[in-house]
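Worksheet for the structure shown next.
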Amino acid sequence: MKDYDSVDNPAHYNKGGVECIDAIRGSMSAEAFRGFLKGNVMKYVFRYEAKNGLEDLRKARWYLERLIGEVEADAEG
């Protein structure tokens, strides 16, 4: 059994083999998706001291890395 990973691969964000983040990406324009990612970075950084500490910072980093990947992909065109 795979160890539970609350940051990189939480099981509750996968239904029927579809990752929630991929479904969200597919439902939005590239610009809207980047805004979604940016908003999540801000949310997790904003709340980390009051809620989940290091775990929230890791989640913020996860969304930031995804945002960087999206921006890099757009730049490479």
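Identifiers in the structure tokens: chain A, B, ... in order shown; residue index from 1 per chain; ligand index from 1 in order shown.
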Query - Selection: 8 Å around stretch 55-67 of chain A, only C-alpha atoms, excl. self and same-chain fewer than 6 positions, as JSON, numbers by chain - result: {"A": [7, 8, 34, 37, 38, 40, 41, 42, 43, 44, 45, 47, 48]}
Residue list (strand (DSSP E), DSSP) for chain A, as a CSV table (one decimal) with N, CA, C and O atoms, in the first residue's frame:
chain,number,residue,atom,x,y,z
A,14,ASN,N,-8.7,12.2,-6.2
A,14,ASN,CA,-8.7,11.3,-7.4
A,14,ASN,C,-9.9,10.5,-7.4
A,14,ASN,O,-10.2,9.8,-6.5
A,15,LYS,N,-10.7,10.6,-8.5
A,15,LYS,CA,-11.9,9.8,-8.6
A,15,LYS,C,-11.9,9.1,-10.0
A,15,LYS,O,-11.8,9.8,-11.0
A,18,VAL,N,-9.2,10.0,-12.4
A,18,VAL,CA,-9.0,11.4,-12.8
A,18,VAL,C,-8.6,12.2,-11.7
A,18,VAL,O,-9.3,12.3,-10.6
A,19,GLU,N,-7.5,12.9,-11.8
A,19,GLU,CA,-7.0,13.9,-10.8
A,19,GLU,C,-7.9,15.1,-10.8
A,19,GLU,O,-8.1,15.7,-11.9
Query raised in the report: Can you tell me how far atom CA of A:Glu70 sits from atom CA of A:Ala11, in Å to one decimal?
Result: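 Atom CA of A:Ala11 lies 23.3 Å from atom CA of A:Glu70.
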